[in-house]
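Working notes, structure below.
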Amino acid sequence: MAHINLPKELPGISAGFAFRPETAKPMRELAHILLHEPNSLTPAERELIATYVSSLNDCYFCQTSHGAAAASHLGESNTVKLVKTGFETAPISEKLKRLLVIAGKVQQGGKHVTAQDVEAARTLGATDKEIHDTVLIAAAFCMYNRYVDGLGTWQPYDDSMYEQMGKHLATEGYRTPSRRLAKDESAEHRSRD
């Protein structure tokens, strides 16, 4: 049960966004720019960074929804699972592995990132913009994760709902909500209460 009076029909971050649309707009825009707009890192790579940080923060809603978006981009979900459980052996580029090291350190605290971490990523071809965006994605997802969990939002556990949400995020981005999916899931959630 949510800690404040959030819309009961909406799960996760959707409830907080509906409760306060004026803060939702810039938060959605930031996610859209970081994860969806053209960039030298692919959308799948950026979604994997968001998923990894969300898994470190143990935010089920965010790691599952962004993992589904990454899987939609990749056309498979095994890589997402491997990134969450041990990215060192995942079938991703060495550059992305070094960026995930940086993201993981940002999740612990920004001062954990070292010049050596940045140089290791640069040596593998990471640009300043990619390093910047990795740090910002990690920092933003610490905020998004704490927003979702700090409000006590409810978490759907229907994999097909997350798969549909992931497809929406991968194709449409973050500016518009997928309310139909949230409403379908909320009916199931209420029936379990």
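A note on labels: chains of the structure tokens are A, B, ... as shown, every chain counts residues from 1, and ligands are counted from 1 in their shown order.
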
(request) Excluding range 12-26 of chain A and residues on its chain fewer than 3 positions from it, collect all residues at most 12 Å away from it, counting only C-alpha atoms, and give them as a PyMOL selection string. (result) chain A and resi 1-9+29-33+59-65+140-141+143-157+162+165+174-183+185-186

Saved selection, atoms kept: C-alpha atoms, as a PDB file, in the first residue's frame:
ATOM      1  CA  MET A   1       0.000   0.000   0.000  1.00  0.00           C
ATOM      2  CA  ALA A   2       1.315   3.399  -0.987  1.00  0.00           C
ATOM      3  CA  HIS A   3       2.489   5.766   1.747  1.00  0.00           C
ATOM      4  CA  ILE A   4       0.363   8.623   0.366  1.00  0.00           C
ATOM      5  CA  ASN A   5      -2.910   8.776  -1.539  1.00  0.00           C
ATOM      6  CA  LEU A   6      -1.678   7.811  -5.020  1.00  0.00           C
ATOM      7  CA  PRO A   7      -3.965   6.738  -7.872  1.00  0.00           C
ATOM      8  CA  LYS A   8      -4.716   3.111  -7.019  1.00  0.00           C
ATOM      9  CA  GLU A   9      -5.092   2.046 -10.638  1.00  0.00           C
ATOM     10  CA  GLU A  29      11.661  14.332 -20.605  1.00  0.00           C
ATOM     11  CA  LEU A  30      14.957  13.503 -18.898  1.00  0.00           C
ATOM     12  CA  ALA A  31      14.330   9.761 -19.292  1.00  0.00           C
ATOM     13  CA  HIS A  32      13.357  10.272 -22.932  1.00  0.00           C
ATOM     14  CA  ILE A  33      16.543  12.207 -23.732  1.00  0.00           C
ATOM     15  CA  CYS A  59      13.759  -1.541  -7.409  1.00  0.00           C
ATOM     16  CA  TYR A  60      11.620  -4.294  -8.919  1.00  0.00           C
ATOM     17  CA  PHE A  61       9.374  -2.043 -11.020  1.00  0.00           C
ATOM     18  CA  CYS A  62      12.244  -0.136 -12.665  1.00  0.00           C
ATOM     19  CA  GLN A  63      14.589  -3.063 -13.221  1.00  0.00           C
ATOM     20  CA  THR A  64      11.777  -5.101 -14.743  1.00  0.00           C
ATOM     21  CA  SER A  65      10.279  -2.375 -16.943  1.00  0.00           C
ATOM     22  CA  ALA A 140      18.841   9.613 -12.529  1.00  0.00           C
ATOM     23  CA  PHE A 141      17.877   6.008 -11.930  1.00  0.00           C
ATOM     24  CA  MET A 143      16.422   9.084  -8.113  1.00  0.00           C
ATOM     25  CA  TYR A 144      13.698   7.256 -10.076  1.00  0.00           C
ATOM     26  CA  ASN A 145      14.198   4.064  -8.037  1.00  0.00           C
ATOM     27  CA  ARG A 146      13.990   5.889  -4.735  1.00  0.00           C
ATOM     28  CA  TYR A 147      10.929   7.796  -5.972  1.00  0.00           C
ATOM     29  CA  VAL A 148       9.108   4.553  -6.819  1.00  0.00           C
ATOM     30  CA  ASP A 149      10.069   2.703  -3.641  1.00  0.00           C
ATOM     31  CA  GLY A 150      10.018   5.717  -1.307  1.00  0.00           C
ATOM     32  CA  LEU A 151       6.348   6.304  -2.123  1.00  0.00           C
ATOM     33  CA  GLY A 152       5.546   2.639  -1.531  1.00  0.00           C
ATOM     34  CA  THR A 153       3.999   2.206  -4.980  1.00  0.00           C
ATOM     35  CA  TRP A 154       2.595  -1.219  -5.847  1.00  0.00           C
ATOM     36  CA  GLN A 155       4.557  -3.459  -8.149  1.00  0.00           C
ATOM     37  CA  PRO A 156       2.863  -5.615 -10.782  1.00  0.00           C
ATOM     38  CA  TYR A 157       4.259  -9.133 -11.143  1.00  0.00           C
ATOM     39  CA  TYR A 162       6.206  -5.612 -18.432  1.00  0.00           C
ATOM     40  CA  MET A 165       5.476  -1.813 -21.330  1.00  0.00           C
ATOM     41  CA  TYR A 174       9.100   8.183 -22.273  1.00  0.00           C
ATOM     42  CA  ARG A 175       7.050  11.267 -23.023  1.00  0.00           C
ATOM     43  CA  THR A 176       3.698   9.486 -23.013  1.00  0.00           C
ATOM     44  CA  PRO A 177       2.409   6.986 -20.460  1.00  0.00           C
ATOM     45  CA  SER A 178       1.002   3.630 -21.381  1.00  0.00           C
ATOM     46  CA  ARG A 179      -2.073   3.976 -19.204  1.00  0.00           C
ATOM     47  CA  ARG A 180      -3.955   1.088 -20.777  1.00  0.00           C
ATOM     48  CA  LEU A 181      -1.289  -1.334 -19.591  1.00  0.00           C
ATOM     49  CA  ALA A 182      -1.341   0.128 -16.092  1.00  0.00           C
ATOM     50  CA  LYS A 183      -5.127  -0.034 -15.889  1.00  0.00           C
ATOM     51  CA  GLU A 185      -2.652  -4.575 -14.436  1.00  0.00           C
ATOM     52  CA  SER A 186      -4.436  -2.638 -11.676  1.00  0.00           C
TER      53      SER A 186
END

(request) Quick one: everything within 8 Å of Ala138 in chain A, counting only C-alpha atoms, minus sequence neighbours fewer than 5 positions away in the same chain. Send it as a ChimeraX atom specification. (result) /A:49-50,53,103-104,106-107

Residues just named, written with N, CA and C atoms as a tab-separated table (two decimals), in the first residue's frame:
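Below is the file selection23.tsv, written as the result:
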chain	number	residue	atom	x	y	z
A	49	ILE	N	22.05	-0.05	-18.82
A	49	ILE	CA	22.62	0.74	-17.71
A	49	ILE	C	21.52	1.05	-16.69
A	50	ALA	N	20.36	1.50	-17.16
A	50	ALA	CA	19.24	1.80	-16.26
A	50	ALA	C	18.79	0.55	-15.50
A	53	VAL	N	21.52	-0.46	-12.77
A	53	VAL	CA	21.46	0.40	-11.58
A	53	VAL	C	20.19	0.12	-10.78
A	103	ALA	N	28.75	3.03	-13.74
A	103	ALA	CA	27.36	3.15	-13.28
A	103	ALA	C	27.19	2.54	-11.89
A	104	GLY	N	27.80	1.39	-11.67
A	104	GLY	CA	27.70	0.74	-10.36
A	104	GLY	C	28.34	1.57	-9.26
A	106	VAL	N	28.60	4.90	-9.35
A	106	VAL	CA	27.69	6.03	-9.13
A	106	VAL	C	26.56	5.60	-8.20
A	107	GLN	N	26.05	4.39	-8.38
A	107	GLN	CA	24.97	3.90	-7.53
A	107	GLN	C	25.40	3.87	-6.06

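Distance-wise, CA of Leu96 in chain A and CA of Met27 in chain A end up 24.7 Å apart.
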
(request) Once DSSP has gone over the backbone, tell me which residues of range 61-102 of chain A are in alpha helix (DSSP H), as a ChimeraX atom specification. (result) /A:61-74,78-86,94-102

(message) Neighbouring residues of range 116-129 of chain A were defined as those with any atom within 12 Å, considering only C-alpha atoms; residues of the same chain fewer than 5 positions away were excluded. Please report them as JSON, numbers by chain.
(response) {"A": [34, 39, 40, 41, 93, 94, 95, 96, 97, 98, 99, 100, 101, 102, 103, 104, 105, 106, 111, 134, 135, 136, 137]}

Export of prior selection with C-alpha atoms as a CSV table (one decimal), in the first residue's frame:
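Dumped to result39.csv:
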chain,number,residue,atom,x,y,z
A,34,LEU,CA,18.8,9.8,-21.9
A,39,ASN,CA,23.1,8.8,-29.1
A,40,SER,CA,26.3,7.0,-29.8
A,41,LEU,CA,25.3,4.4,-27.1
A,93,SER,CA,31.0,-5.0,-25.5
A,94,GLU,CA,34.0,-4.5,-23.3
A,95,LYS,CA,33.3,-0.7,-23.5
A,96,LEU,CA,29.8,-1.3,-22.0
A,97,LYS,CA,31.2,-3.4,-19.3
A,98,ARG,CA,33.5,-0.6,-18.3
A,99,LEU,CA,30.6,1.9,-18.4
A,100,LEU,CA,28.6,-0.5,-16.1
A,101,VAL,CA,31.5,-0.4,-13.6
A,102,ILE,CA,31.2,3.4,-13.6
A,103,ALA,CA,27.4,3.1,-13.3
A,104,GLY,CA,27.7,0.7,-10.4
A,105,LYS,CA,30.1,3.1,-8.6
A,106,VAL,CA,27.7,6.0,-9.1
A,111,LYS,CA,32.8,9.9,-5.3
A,134,THR,CA,26.4,6.8,-18.1
A,135,VAL,CA,26.9,8.8,-15.0
A,136,LEU,CA,23.7,10.8,-15.5
A,137,ILE,CA,21.6,7.7,-16.3

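The nearest approach to Leu82 in chain A among the residues A:Ser55, A:Ser160, A:Gln108, A:Thr171, with only C-alpha atoms taken into account, belongs to A:Ser55.
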
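Nearest residue to Ala170 in chain A, choosing from A:Pro11, A:Gly109, A:Pro38, A:Pro43 and counting only C-alpha atoms: A:Pro43.
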
(request) Could you please determine the separation between CA of Asn78 in chain A and CA of His168 in chain A in Å, to one decimal place? (result) 19.7 Å

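Reported to one decimal place, the separation of CA of Glu172 in chain A from CA of Thr79 in chain A is 22.2 Å.
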
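By chain and then residue number, the residues within 7 Å of range 66-72 of chain A are Ala44, Glu47, Leu48, Ala50, Thr51, Ser77, Val80, Tyr162, Glu163, Gly166, Lys167, Leu169 and Ala170 of chain A, counting only C-alpha atoms and disregarding those fewer than 5 positions away in sequence.
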